[in-house]
>>> print(open('coords_35.cif').read())   # mmCIF, C-alpha atoms
data_work
loop_
_atom_site.label_atom_id
_atom_site.label_comp_id
_atom_site.auth_asym_id
_atom_site.auth_seq_id
_atom_site.Cartn_x
_atom_site.Cartn_y
_atom_site.Cartn_z
CA MET A 9 -15.92 5.97 -3.03
CA ARG A 10 -12.83 5.26 -0.96
CA ALA A 11 -9.66 4.49 -2.88
CA TRP A 12 -5.87 4.48 -2.71
CA VAL A 13 -3.89 6.29 -5.41
CA VAL A 14 -0.31 6.73 -6.56
CA ARG A 15 0.32 10.36 -7.48
CA ALA A 16 4.12 10.34 -7.30
CA PRO A 17 6.76 7.60 -7.00
CA GLY A 18 7.11 6.14 -3.53
CA ARG A 19 3.73 7.09 -2.07
CA LEU A 20 0.35 5.39 -1.85
CA GLU A 21 -2.27 7.87 -0.61
CA PRO A 22 -5.92 7.52 0.48
CA ALA A 23 -8.41 9.40 -1.69
CA GLU A 24 -12.12 9.99 -2.27
CA LEU A 25 -13.05 9.42 -5.91
CA PRO A 26 -16.31 9.30 -7.88
CA VAL A 27 -17.72 5.85 -8.51
CA PRO A 28 -16.65 5.09 -12.11
CA GLU A 29 -19.16 4.69 -14.93
CA PRO A 30 -18.84 1.48 -16.98
CA GLY A 31 -18.19 1.93 -20.69
CA PRO A 32 -20.48 0.37 -23.30
CA ASP A 33 -18.70 -3.00 -23.14
CA GLU A 34 -17.73 -2.84 -19.47
CA LEU A 35 -18.91 -4.05 -16.08
CA LEU A 36 -19.02 -2.03 -12.88
CA VAL A 37 -17.79 -4.26 -10.06
CA ARG A 38 -18.18 -3.74 -6.31
CA VAL A 39 -14.85 -4.91 -4.87
CA ARG A 40 -14.87 -7.62 -2.21
CA THR A 41 -11.14 -8.35 -2.08
CA CYS A 42 -8.04 -7.28 -3.99
CA GLY A 43 -4.73 -9.08 -3.94
CA VAL A 44 -1.53 -7.11 -3.32
CA CYS A 45 0.92 -7.94 -6.09
CA ARG A 46 4.60 -7.13 -6.45
CA THR A 47 3.65 -5.31 -9.67
CA ASP A 48 1.71 -2.86 -7.47
CA LEU A 49 5.00 -2.13 -5.72
CA HIS A 50 6.64 -1.41 -9.06
CA VAL A 51 3.78 0.98 -9.94
CA ARG A 52 4.04 2.72 -6.56
CA ASP A 53 7.81 3.01 -6.57
CA GLY A 54 8.19 4.14 -10.18
CA ASP A 55 10.01 1.00 -11.35
CA LEU A 56 7.35 0.92 -14.07
CA PRO A 57 6.91 4.20 -15.97
CA PRO A 58 3.55 5.86 -15.18
CA HIS A 59 0.84 5.22 -17.74
CA LYS A 60 -1.85 7.09 -15.79
CA SER A 61 -1.38 9.60 -13.02
CA PRO A 62 -2.85 9.51 -10.50
CA VAL A 63 -3.73 5.84 -10.71
CA VAL A 64 -5.50 3.38 -8.42
CA PRO A 65 -3.33 0.20 -8.27
CA GLY A 66 -4.62 -3.35 -7.93
CA HIS A 67 -5.42 -6.10 -10.42
CA GLU A 68 -6.37 -9.22 -8.45
CA VAL A 69 -9.97 -8.23 -7.82
CA VAL A 70 -12.87 -10.38 -6.68
CA GLY A 71 -16.21 -8.60 -6.68
CA ASP A 72 -19.86 -8.46 -7.67
CA VAL A 73 -21.22 -7.02 -10.91
CA VAL A 74 -23.52 -4.11 -10.00
CA ALA A 75 -24.04 -2.51 -13.43
CA THR A 76 -23.34 -3.34 -17.07
CA GLY A 77 -22.81 -1.32 -20.21
CA PRO A 78 -25.26 -1.85 -23.11
CA ARG A 79 -22.80 -4.06 -25.04
CA ALA A 80 -21.40 -5.98 -22.05
CA ALA A 81 -22.22 -9.70 -22.17
CA GLY A 82 -21.47 -12.86 -20.27
CA HIS A 83 -21.61 -11.59 -16.68
CA PRO A 84 -25.03 -10.44 -15.45
CA ALA A 85 -25.66 -8.15 -12.50
CA GLY A 86 -25.07 -10.02 -9.26
CA ALA A 87 -22.43 -12.37 -10.70
CA ARG A 88 -19.16 -12.80 -8.83
CA VAL A 89 -16.26 -12.11 -11.20
CA GLY A 90 -12.50 -11.73 -11.25
CA VAL A 91 -10.81 -8.59 -12.59
CA PRO A 92 -7.26 -9.38 -13.79
CA TRP A 93 -4.11 -7.55 -14.92
CA LEU A 94 -4.81 -7.80 -18.67
CA ARG A 95 -7.57 -5.27 -19.32
CA ARG A 96 -7.83 -4.88 -23.07
CA THR A 97 -6.09 -5.73 -26.36
CA CYS A 98 -6.69 -4.52 -29.90
CA GLY A 99 -7.78 -7.90 -31.30
CA THR A 100 -6.46 -7.08 -34.78
CA CYS A 101 -2.64 -6.91 -34.66
CA ARG A 102 -0.43 -9.81 -35.75
CA TYR A 103 0.08 -10.93 -32.16
CA CYS A 104 -3.63 -11.05 -31.38
CA ALA A 105 -4.23 -12.85 -34.68
CA ARG A 106 -1.82 -15.64 -33.72
CA HIS A 107 -3.18 -16.04 -30.17
CA GLN A 108 -0.38 -14.06 -28.49
CA GLU A 109 -2.52 -11.22 -27.20
CA ASN A 110 -0.16 -10.80 -24.24
CA LEU A 111 2.29 -9.25 -26.74
CA CYS A 112 -0.26 -6.84 -28.25
CA PRO A 113 1.44 -3.42 -28.57
CA HIS A 114 -1.87 -1.73 -27.75
CA SER A 115 -2.58 -3.79 -24.61
CA GLN A 116 -3.86 -2.07 -21.47
CA TYR A 117 -3.59 -3.17 -17.86
CA THR A 118 -5.71 -2.81 -14.74
CA GLY A 119 -4.04 -0.68 -12.09
CA TRP A 120 -1.56 0.81 -14.57
CA ASP A 121 -3.42 2.09 -17.64
CA ALA A 122 -6.78 2.26 -15.83
CA ASP A 123 -7.80 2.49 -12.19
CA GLY A 124 -7.69 -0.82 -10.39
CA GLY A 125 -8.95 -2.58 -7.30
CA TYR A 126 -7.54 -0.57 -4.39
CA ALA A 127 -10.99 1.02 -4.35
CA GLU A 128 -14.59 0.19 -3.53
CA TYR A 129 -15.55 -0.03 -7.22
CA VAL A 130 -13.70 -0.85 -10.45
CA THR A 131 -14.64 -1.24 -14.10
CA VAL A 132 -13.55 -4.03 -16.43
CA PRO A 133 -14.31 -4.90 -20.06
CA ALA A 134 -16.73 -7.82 -19.85
CA ALA A 135 -14.68 -9.90 -22.30
CA TYR A 136 -11.65 -9.72 -19.96
CA ALA A 137 -13.43 -10.58 -16.69
CA TYR A 138 -13.20 -14.15 -15.42
CA SER A 139 -15.83 -16.48 -14.07
CA LEU A 140 -14.46 -17.88 -10.83
CA PRO A 141 -14.04 -21.44 -9.55
CA SER A 142 -16.27 -22.64 -6.74
CA GLY A 143 -15.09 -23.81 -3.34
CA TYR A 144 -12.85 -20.83 -2.57
CA SER A 145 -13.45 -17.79 -0.39
CA ASP A 146 -13.08 -14.27 -1.82
CA THR A 147 -9.76 -13.94 -0.01
CA GLU A 148 -8.45 -17.23 -1.40
CA LEU A 149 -9.53 -16.34 -4.95
CA ALA A 150 -7.80 -12.97 -5.24
CA PRO A 151 -4.20 -14.26 -5.61
CA LEU A 152 -5.27 -16.71 -8.30
CA LEU A 153 -6.12 -13.83 -10.64
CA CYS A 154 -2.54 -12.70 -11.24
CA ALA A 155 -0.14 -14.61 -9.02
CA GLY A 156 -1.73 -17.89 -10.04
CA ILE A 157 -2.21 -17.10 -13.72
CA ILE A 158 1.23 -15.58 -14.33
CA GLY A 159 2.88 -18.42 -12.41
CA TYR A 160 1.02 -20.89 -14.61
CA ARG A 161 2.32 -19.17 -17.75
CA ALA A 162 5.85 -19.05 -16.29
CA LEU A 163 5.66 -22.80 -15.62
CA ARG A 164 4.57 -23.45 -19.20
CA ARG A 165 7.41 -21.26 -20.51
CA ALA A 166 9.91 -23.26 -18.41
CA ASP A 167 9.32 -26.42 -20.49
CA LEU A 168 9.49 -28.63 -17.41
CA PRO A 169 9.41 -32.29 -18.48
CA ARG A 170 6.89 -34.58 -16.85
CA GLY A 171 8.30 -35.66 -13.49
CA GLY A 172 11.19 -33.21 -13.86
CA ARG A 173 13.21 -31.21 -11.35
CA LEU A 174 12.09 -27.59 -10.96
CA GLY A 175 13.92 -24.82 -9.12
CA ILE A 176 11.91 -21.86 -7.81
CA TYR A 177 13.76 -18.67 -6.85
CA GLY A 178 11.72 -16.45 -4.54
CA PHE A 179 8.65 -17.84 -2.80
CA GLY A 180 5.85 -15.32 -2.49
CA GLY A 181 2.28 -15.11 -3.75
CA SER A 182 2.90 -16.47 -7.24
CA ALA A 183 5.58 -19.02 -6.43
CA HIS A 184 3.65 -20.78 -3.68
CA LEU A 185 0.76 -21.42 -6.10
CA THR A 186 3.01 -22.48 -8.98
CA ALA A 187 4.86 -24.94 -6.77
CA GLN A 188 1.58 -26.74 -6.06
CA VAL A 189 0.70 -26.97 -9.75
CA ALA A 190 4.16 -28.37 -10.49
CA THR A 191 4.11 -30.95 -7.69
CA GLY A 192 0.59 -31.92 -8.77
CA GLN A 193 2.07 -32.71 -12.19
CA GLY A 194 4.68 -34.98 -10.61
CA ALA A 195 7.63 -32.56 -10.46
CA THR A 196 10.30 -32.46 -7.77
CA VAL A 197 10.43 -28.85 -6.54
CA HIS A 198 13.45 -27.15 -4.95
CA VAL A 199 12.97 -23.63 -3.52
CA VAL A 200 15.56 -20.94 -2.91
CA THR A 201 14.32 -17.94 -0.92
CA ARG A 202 15.77 -15.61 1.70
CA SER A 203 12.73 -15.74 4.01
CA PRO A 204 12.81 -18.48 6.70
CA ALA A 205 8.99 -18.37 6.89
CA ALA A 206 8.76 -18.85 3.12
CA GLN A 207 11.19 -21.78 3.35
CA GLU A 208 8.95 -23.40 5.95
CA LEU A 209 5.85 -22.80 3.81
CA ALA A 210 7.59 -24.33 0.79
CA ARG A 211 8.28 -27.52 2.72
CA GLU A 212 4.68 -27.63 3.98
CA LEU A 213 3.48 -27.41 0.38
CA GLY A 214 5.59 -30.35 -0.72
CA ALA A 215 8.93 -28.89 -1.82
CA ALA A 216 11.72 -31.45 -1.68
CA SER A 217 14.13 -28.79 -0.40
CA ALA A 218 14.05 -25.14 0.63
CA THR A 219 17.22 -23.14 1.24
CA GLY A 220 18.27 -19.54 1.81
CA SER A 221 19.19 -17.14 -0.97
CA GLY A 222 22.81 -18.30 -0.93
CA GLY A 223 21.83 -21.95 -1.16
CA THR A 224 22.06 -24.35 -4.07
CA PRO A 225 19.49 -26.99 -5.06
CA PRO A 226 20.73 -30.49 -4.13
CA GLU A 227 20.51 -31.78 -7.70
CA PRO A 228 20.73 -30.33 -11.24
CA LEU A 229 17.50 -28.74 -12.45
CA ASP A 230 15.55 -29.48 -15.61
CA ALA A 231 13.89 -26.07 -15.35
CA ALA A 232 13.80 -23.04 -13.09
CA ILE A 233 11.51 -20.08 -12.55
CA LEU A 234 12.78 -16.77 -11.21
CA PHE A 235 10.03 -14.96 -9.29
CA ALA A 236 12.24 -12.61 -7.27
CA PRO A 237 12.87 -9.34 -9.18
CA ALA A 238 16.63 -9.75 -8.68
CA GLY A 239 18.73 -9.84 -11.84
CA GLY A 240 21.67 -11.10 -9.81
CA LEU A 241 19.91 -14.45 -9.47
CA VAL A 242 19.85 -15.07 -13.24
CA PRO A 243 23.39 -16.48 -13.43
CA VAL A 244 22.80 -18.36 -10.17
CA ALA A 245 19.72 -20.08 -11.57
CA LEU A 246 21.36 -20.75 -14.95
CA GLU A 247 24.34 -22.41 -13.30
CA ALA A 248 21.98 -24.71 -11.39
CA LEU A 249 20.37 -25.95 -14.63
CA ASP A 250 21.23 -29.32 -16.11
CA SER A 251 22.12 -29.53 -19.81
CA GLY A 252 19.15 -28.49 -21.94
CA GLY A 253 17.41 -26.77 -19.02
CA THR A 254 15.28 -23.63 -19.25
CA LEU A 255 15.09 -20.60 -16.98
CA SER A 256 11.76 -18.75 -17.06
CA ILE A 257 11.78 -15.20 -15.67
CA ALA A 258 8.32 -14.42 -14.37
CA GLY A 259 8.45 -10.77 -13.32
CA ILE A 260 7.38 -7.62 -15.17
CA TYR A 261 10.43 -5.89 -13.67
CA LEU A 262 13.95 -7.17 -13.04
CA SER A 263 17.00 -5.41 -11.68
CA GLU A 264 20.16 -5.40 -13.78
CA ILE A 265 21.51 -8.80 -14.82
CA PRO A 266 25.28 -9.16 -14.24
CA PRO A 267 27.54 -10.42 -17.05
CA LEU A 268 27.06 -14.06 -17.99
CA ASP A 269 29.85 -16.51 -18.68
CA TYR A 270 28.95 -18.48 -21.78
CA GLU A 271 30.43 -21.80 -20.66
CA ARG A 272 29.19 -21.67 -17.05
CA HIS A 273 25.74 -20.26 -17.67
CA LEU A 274 24.56 -20.86 -21.24
CA PHE A 275 26.55 -23.61 -22.95
CA ARG A 276 25.02 -27.08 -23.35
CA GLU A 277 21.81 -25.55 -24.69
CA ARG A 278 20.53 -23.83 -21.59
CA THR A 279 17.71 -21.42 -22.43
CA VAL A 280 16.48 -18.15 -20.90
CA ARG A 281 12.87 -17.09 -21.46
CA SER A 282 10.98 -14.04 -20.29
CA VAL A 283 7.27 -13.92 -19.45
CA THR A 284 5.15 -11.00 -20.61
CA ALA A 285 1.72 -10.82 -18.99
CA ASN A 286 -0.64 -13.63 -20.01
CA THR A 287 -3.40 -14.45 -22.43
CA ARG A 288 -7.02 -14.90 -21.43
CA GLU A 289 -6.66 -18.54 -22.41
CA ASP A 290 -3.89 -18.92 -19.81
CA GLY A 291 -6.30 -17.57 -17.21
CA ARG A 292 -9.16 -19.82 -18.22
CA GLU A 293 -6.91 -22.90 -18.22
CA PHE A 294 -5.45 -22.12 -14.81
CA LEU A 295 -8.82 -21.34 -13.20
CA ALA A 296 -10.23 -24.57 -14.65
CA GLN A 297 -7.38 -26.43 -12.93
CA ALA A 298 -8.17 -24.60 -9.70
CA GLU A 299 -11.79 -25.76 -10.06
CA ALA A 300 -10.80 -29.37 -10.67
CA HIS A 301 -7.91 -29.61 -8.20
CA ARG A 302 -7.95 -27.69 -4.95
CA ILE A 303 -5.02 -25.26 -4.67
CA ARG A 304 -4.08 -24.06 -1.20
CA THR A 305 -3.80 -20.27 -1.22
CA THR A 306 -1.80 -19.00 1.71
CA VAL A 307 -2.92 -15.44 2.38
CA THR A 308 -2.24 -12.64 4.81
CA PRO A 309 -5.38 -10.45 4.93
CA TYR A 310 -5.21 -6.69 5.49
CA PRO A 311 -8.11 -4.30 6.07
CA PHE A 312 -8.65 -1.99 3.11
CA GLU A 313 -7.58 0.93 5.30
CA GLU A 314 -4.09 -0.59 5.64
CA ALA A 315 -3.19 -0.93 1.96
CA ASP A 316 -0.04 1.14 2.47
CA ARG A 317 1.13 -1.19 5.24
CA ALA A 318 0.42 -4.23 3.05
CA LEU A 319 2.68 -2.87 0.31
CA ASP A 320 5.41 -2.01 2.81
CA ASP A 321 5.24 -5.50 4.30
CA LEU A 322 5.43 -7.05 0.84
CA ALA A 323 8.50 -4.97 0.01
CA ALA A 324 10.17 -6.11 3.24
CA ASP A 325 9.28 -9.82 2.78
CA ARG A 326 7.04 -9.78 5.84
CA VAL A 327 4.13 -11.47 4.02
CA ASP A 328 3.54 -15.22 4.08
CA GLY A 329 2.07 -16.29 0.77
CA ALA A 330 -0.03 -13.48 -0.70
CA ALA A 331 -1.30 -10.25 0.87
CA VAL A 332 -4.98 -9.51 0.22
CA LEU A 333 -7.00 -6.35 0.95
CA THR A 334 -10.48 -7.03 2.29
CA LEU A 335 -13.46 -4.69 2.07
CA PRO A 336 -16.62 -4.89 4.19
CA PRO A 337 -19.73 -6.30 2.49
CA ALA A 338 -21.93 -3.83 0.63
CA ALA A 339 -24.76 -2.37 2.67
CA ALA A 340 -28.10 -4.15 2.16
#
>>> encode(input="coords_35.cif", output="structure tokens")
Amino acid sequence: MRAWVVRAPGRLEPAELPVPEPGPDELLVRVRTCGVCRTDLHVRDGDLPPHKSPVVPGHEVVGDVVATGPRAAGHPAGARVGVPWLRRTCGTCRYCARHQENLCPHSQYTGWDADGGYAEYVTVPAAYAYSLPSGYSDTELAPLLCAGIIGYRALRRADLPRGGRLGIYGFGGSAHLTAQVATGQGATVHVVTRSPAAQELARELGAASATGSGGTPPEPLDAAILFAPAGGLVPVALEALDSGGTLSIAGIYLSEIPPLDYERHLFRERTVRSVTANTREDGREFLAQAEAHRIRTTVTPYPFEEADRALDDLAADRVDGAAVLTLPPAAA
């Protein structure tokens, strides 16, 4: 099968690989589309330490089940499924026991610990694959599987009060979905992003304001979410919070955070929270919302053959919304 692999930091290379065999509890999925996530950039560029080398990136996969292992259940051959970032957890540690499987020390991830969706086929444990909401195209669905789910968890971690004021820093694939969930819940959303196109998109999606990276929201914030992997924005976002506000940091990677001034940034019970992956329950809840309430996914499609260009464009902020790799339909 055709695939793209990371063999060394900084390079994504085309490759020919064998079609993988599903394990006893796994599905073999023929990939239709795969979202291009900023985490893929961190895998390519070595910001995340290699867990598998070479590795096929990609963890926002929409595809068809073509084979199942003998113990795989819930998704028959022919079903359309989603393959997400969280691939497997132990199920027995103290975190799994208290419904915090995202903190499992034995967790594994698609496109990092195991080959992902920048390929024509991918495997996934059946218990970690998602059934998908109706009414969306394959291209529209792909960003929901990580950008949407992790943004949903970040919003929950931000403790935004009903009808509150939310600041969003960075406005890419995840942020543009999260903003819609927040506005749908009655929030006032203010966006800070360096991309003029992203500022325009934010306004189209209902943001009350959208300013450049040096801008300041026009009112104090009850909560904020940092999507940009820029540690320098942490004090900026904290200073914009009202008393008792919470900053949720959504990324798996963040550059160095500069020193914080206690009175300016943290006093009056401001809170900083990180986000580590997500639970399957987060995913099911978010996808149920996407089924019940239409979410507009703004995508920039790329042919599978141009995966390297898609990553480069994402790194340079040349992507509106989410980039998605598309593969031709399987031969009849």
>>> atom_distance(input="coords_35.cif", atom1="atom CA of A:Pro225", atom2="atom CA of A:Gly172")
13.6 Å
>>> closest_atom_pairs(input="coords_35.cif", of="stretch 181-233 of chain A", to="stretch 254-258 of chain A", cutoff="8 Å", atoms="only C-alpha atoms", output="Markdown table")
| residue | atom | partner | partner_atom | distance |
| --- | --- | --- | --- | --- |
| A:Asp230 | CA | A:Thr254 | CA | 6.9 |
| A:Ala231 | CA | A:Thr254 | CA | 4.8 |
| A:Ala232 | CA | A:Leu255 | CA | 4.8 |
| A:Ile233 | CA | A:Ser256 | CA | 4.7 |
>>> write_last_selection(input="coords_35.cif", atoms="C-alpha atoms", output="PDB file, in the frame of the given file")
ATOM      1  CA  ASP A 230      15.550 -29.480 -15.610  1.00  0.00           C
ATOM      2  CA  ALA A 231      13.890 -26.070 -15.350  1.00  0.00           C
ATOM      3  CA  ALA A 232      13.800 -23.040 -13.090  1.00  0.00           C
ATOM      4  CA  ILE A 233      11.510 -20.080 -12.550  1.00  0.00           C
TER       5      ILE A 233
END
>>> atom_distance(input="coords_35.cif", atom1="atom CA of A:Gly220", atom2="atom CA of A:Ala150")
27.8 Å
>>> resolve_selection(input="coords_35.cif", expression="the PyMOL selection byres ((chain A and resi 23) around 8)", output="list in words")
Arg10, Ala11, Trp12, Val13, Glu21, Pro22, Glu24 and Leu25 of chain A
>>> closest_atom_pairs(input="coords_35.cif", of="stretch 53-110 of chain A", to="stretch 291-315 of chain A", cutoff="12 Å", atoms="all atoms listed in the file", output="Markdown table")
| residue | atom | partner | partner_atom | distance |
| --- | --- | --- | --- | --- |
| A:Val64 | CA | A:Ala315 | CA | 11.5 |
| A:Pro65 | CA | A:Ala315 | CA | 10.3 |
| A:Gly66 | CA | A:Ala315 | CA | 10.3 |
| A:Gly90 | CA | A:Gly291 | CA | 10.4 |
| A:Val91 | CA | A:Gly291 | CA | 11.1 |
| A:Pro92 | CA | A:Gly291 | CA | 8.9 |
| A:Trp93 | CA | A:Gly291 | CA | 10.5 |
| A:Leu94 | CA | A:Gly291 | CA | 10.0 |
| A:Asn110 | CA | A:Gly291 | CA | 11.5 |
>>> atom_distance(input="coords_35.cif", atom1="atom CA of A:Ala324", atom2="atom CA of A:Ser203")
10.0 Å
>>> closest_residue(input="coords_35.cif", among="A:Glu148, A:Asp53, A:Glu289, A:Asp250", to="A:Gly329", atoms="all atoms listed in the file")
A:Glu148
>>> resolve_selection(input="coords_35.cif", expression="the PyMOL selection byres ((chain A and resi 274) around 12)", output="list of chain:residue names")
A:Val242, A:Pro243, A:Val244, A:Ala245, A:Leu246, A:Glu247, A:Ala248, A:Leu249, A:Asp250, A:Ser251, A:Gly252, A:Gly253, A:Thr254, A:Leu255, A:Pro267, A:Leu268, A:Asp269, A:Tyr270, A:Glu271, A:Arg272, A:His273, A:Phe275, A:Arg276, A:Glu277, A:Arg278, A:Thr279, A:Val280
>>> resolve_selection(input="coords_35.cif", expression="the PyMOL selection byres ((chain A and resi 135) around 8)", output="ChimeraX atom specification")
/A:80-82,133-134,136-137
>>> closest_residue(input="coords_35.cif", among="A:Arg317, A:His184, A:Arg161, A:Arg106", to="A:Ala330", atoms="all atoms listed in the file")
A:His184
